[in-house]
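A quick write-up on the structure given underneath.
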Amino acid sequence: MADADVGPVSLHAGGYYHYNKGRGDWVPPYIVNVTADGAGNPESEITGDGTASGGSVLGQTYFVDAQCVALVPFAGCTATFTFPYGGTTNGAYDPSCYPAGAVPVQSYRHTHYDRDRYGFTADGAWNADLGTLANTLRGGLWYEGGERREWRDWHQLIDARVGPDFEGTPYWVQYSREFPQSTFKWFVEDQVEFGPLTVTAGVKQFHNEIERTDVFGENASVALDTSSDILLSGGVQFEPMPDLQVFAGYAENYRALTDAVLENPAADFSGLEPETSENWEGGVRFNNGWMQASATYFNTVFDNRVIFIGPGTAAGQDYLGGENGTYSNVGGIDSEGVELLVAARLLPTVSVYGSYTYIDATYRGSGDAAGDEALGLTPGNKVAGIPRDMFVASADYDDEQFRAGLSAKLTGERWVDVANTFLAEDYVSVDAYVGVRGEAISPMLKAVDLSLVINNLLDEDFIAGISGNAAWIGAPRTMVATATLDFLSERERTGPVRAGPVVPGRSGGVWAEKYNAEV
């Protein structure tokens with residue numbers, strides 16, 4: 001980081017680097033056949049004859065004999081179990097459809113993610129008094145580059161009859177890809193203050209480049225360059241009195257196409273446009289020190305929503321992830337709402353908080369009625385996963401020795417699916433915490449802090465997350481106890497007893513002890 005002032009101009013520059021990696025796991029109920037071994041020969045994927053890189057899928061092996069030769073289920077045999085695999089009747093999964101002594105085989109599939117990114121920012125501000133106006137002109141740049149790497153490998157379970165332990169060396173690396181990418185942004189903003197009135201206006205623009213490189217050379221490299229329009233923003237704030245503000249604002253936003261659209265080599269993304277939005281808001285804010293309150297109205301028009309449209313869905317889970325399809329812009333979302341908020345410190349040790357949010361969010365069609373119907377999208381339907389009403393209330397107590405708090409959140413009804421056929425009920429989740437500093441119990445425990453946090457105190461059953469026409473059950477009651485021990489000495493915590501003069505600005509702690517000892 002670097003900062004500098006040149007007359008009325010202040011400059012700032014900084015840089016960063018970030019690296020992370022991770023892995024996602026599945027346990028498909030088969031071994032993928034990627035090497036032609038010939039009928040009646042042992043499967044090389046199971047016997048450990050090396051690692052195949054890329055290539056086509058020749059089939060799946062579910063059971064083998066003692067010599068690792070693939071078996072096929074009895075003709076006409078159907079599975080009789082209902083779990084797992086969605087209750088399929090496919091006899092390939094059921095051991096009763098194979099000869100006695102058949103050995104089940106499975107894979108442990110890893111999808112590896114690895115990314116590094118680096119960048120820099122540079123901005124400046126020029127402050128000037130123009131008569132009765134105070135003017136601040138700002139501008140800056142942001143650049144970020146980097147690369148994401150993704151590869152998927154398949155490992156054989158050592159013995160599917162025993163447990164999930166797998167061979168360290170994969171029998172197949174399905175793919176390996178690199179995604180170089182960069183982002184560049186510039187912005188200019190001017191702010192003018194005239195007494196109680198502040199007006200801000202600005203412009204910005206983004207340019208993004210993403211690319212896909214196939215390490216195995218099985219698919220051609222592709223690249224996408226996208227640039228936003230010049231995006232406008234502005235706002236006005238008026239203070240009729242010291243504790244009250246009236247405000248309004250407008251902003252245009254843009255979401256660049258991500259490298260996710262390049263992940264499937266066969267997917268069509270021709271003609272795809274980045275997502276955009278226009279946002280309006282206005283309201284009032286009040287803050288007199290012990291109480292804060294606000295009321296805000298907001299309206300958002302979200303355009304060019306990007307979704308992936310597959311060619312069809314096969315029965316069961318597609319662990320190979322090889323379907324084709326296309327990405328498409330399908331209209332957008334209109335939303336508006338109101339947020340009310342109040343927070344107050346009723347006593348030096350007691351504070352309360354409450355908020356209410358109302359959101360009306362609906363889908364807007366793509367203009368193609370047949371296409372909307374194929375997607376199950378009906379213009380005017382409510383947006384899945386967005387509750388109309390949300391309310392939060394909490395109360396906290398803290399006297400520097402003891403602390404406790406209780407909060408409750410009401411989440412209204414939400415549609416789980418785009419077609420608005422499955423409605424998740426509203427629910428209330430209550431959380432609580434208590435804590436004590438050790439000195440409240442005994443002077444010997446002054447360095448100890450104890451706390452207990454309880455989530456979902458009433459152990460309610462509810463649907464918590466909703467995404468992609470799917471829902472996830474909320475966690476049951478959870479309690480977490482924490483003990484924190486401060487290893488600082490008594491002298492380091494409280495500072496020494498001074499026997500000599502004290503230098504102004506150096507009034508305590510270890511530094512003062514050293515100074516006074518020297519005096």
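Ordering of the structure tokens sets the chain letters (A, B, ...); residue numbers start at 1 within each chain; ligands are numbered from 1 in the order shown.
Residue neighbourhood of stretch 161-167 of chain A, excluding near-sequence residues (fewer than 3 positions): Val103, Pro104, Ser107, Tyr108, His155, Gln156, Leu157, Ile158 and Pro170 of chain A, at 8 Å, using only C-alpha atoms.
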Residue list (strand (DSSP E or B), DSSP) for stretch 266-436 of chain A, as a ChimeraX atom specification: /A:268,275-287,291-303,306-309,326-329,332-347,350-364,382,389-398,402-411,414-415,423-424,427-436
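The list of residues with at least one atom within 12 Å of stretch 74-77 of chain A, based on only C-alpha atoms and without residues fewer than 3 positions apart in the same chain, reads Leu71, Thr80, Thr89, Asn90, Gly91, Ala92, Tyr93, Asp94, Pro95, Ser96, Cys97, Tyr98, Pro99 and Ala100 of chain A.
Note that the spacing between atom CA of A:Thr349 and atom CA of A:Ala432 amounts to 17.0 Å.
Across the structure, atom CA of A:Tyr363 and atom CA of A:Ala471 are spaced 19.3 Å apart.
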Per DSSP on the backbone, what are the helix (DSSP H, G or I) residues of stretch 244-453 of chain A, as a PyMOL selection string? chain A and resi 259-262+369-374+438-440+443-445
So, with only C-alpha atoms as the atoms that count, which of A:Ile46, A:Ala260, A:Ile386, A:Leu197 lies closest to A:Ile359? A:Ile386
Just the residues within 9 Å of A:Val392, please, counting only C-alpha atoms, with nothing from its chain fewer than 3 positions along; format it as a PyMOL selection string. chain A and resi 353-357+407-411
Any chance you could export the current selection's C-alpha atoms as an mmCIF file, in the first residue's frame?
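This went into out-v8.cif:
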data_model
loop_
_atom_site.group_PDB
_atom_site.id
_atom_site.type_symbol
_atom_site.label_atom_id
_atom_site.label_comp_id
_atom_site.auth_asym_id
_atom_site.auth_seq_id
_atom_site.Cartn_x
_atom_site.Cartn_y
_atom_site.Cartn_z
ATOM 1 C CA TYR A 353 -32.831 -3.968 17.487
ATOM 2 C CA GLY A 354 -35.663 -4.594 15.061
ATOM 3 C CA SER A 355 -36.078 -4.656 11.293
ATOM 4 C CA TYR A 356 -38.784 -5.501 8.783
ATOM 5 C CA THR A 357 -38.282 -6.135 5.068
ATOM 6 C CA SER A 407 -32.873 -12.849 18.785
ATOM 7 C CA ALA A 408 -35.742 -14.090 16.640
ATOM 8 C CA LYS A 409 -36.095 -14.083 12.863
ATOM 9 C CA LEU A 410 -39.349 -14.588 10.981
ATOM 10 C CA THR A 411 -38.932 -15.728 7.374
#
Set the distance at 12 Å and use only C-alpha atoms: which residues neighbour A:Tyr171 once local chain neighbours fewer than 5 positions away are removed? I'd like the list as number ranges by chain. A: 31-35, 43-54, 106-110, 152-157, 166
A:Val448: which residues within 8 Å, counting only C-alpha atoms, same-chain residues fewer than 4 positions away excluded, as a PyMOL selection string? chain A and resi 437-439+483-486
Output file for the selection above: C-alpha atoms, as a tab-separated table (two decimals), in the first residue's frame:
chain	number	residue	atom	x	y	z
A	437	ARG	CA	-15.95	-12.85	32.14
A	438	GLY	CA	-14.03	-14.93	34.65
A	439	GLU	CA	-13.45	-12.11	37.14
A	483	ALA	CA	-13.63	-20.83	26.68
A	484	THR	CA	-11.04	-18.15	25.94
A	485	LEU	CA	-7.89	-17.74	28.01
A	486	ASP	CA	-5.80	-14.57	27.89
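Nearest-residue note for A:Ala369: choosing from A:Ala424, A:Val330, A:Ala4, A:Ile473, the minimum distance belongs to A:Val330, counting only C-alpha atoms.
We find atom CA of A:Gln237 and atom CA of A:Glu281 to be spaced 11.8 Å apart.
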Extract, using only C-alpha atoms, all DNA, RNA and protein residues at most 12 Å from A:Asn253, discarding same-chain residues fewer than 2 positions from it, and format them as JSON, numbers by chain. {"A": [203, 204, 205, 206, 228, 229, 230, 231, 232, 233, 250, 251, 255, 256, 274, 275, 276, 277, 278, 279, 280, 300, 301, 302, 303]}
Quick one: of A:Val306, A:Leu58, A:Val453, A:Ala393, who's nearest to A:Gly38, counting only C-alpha atoms? A:Leu58
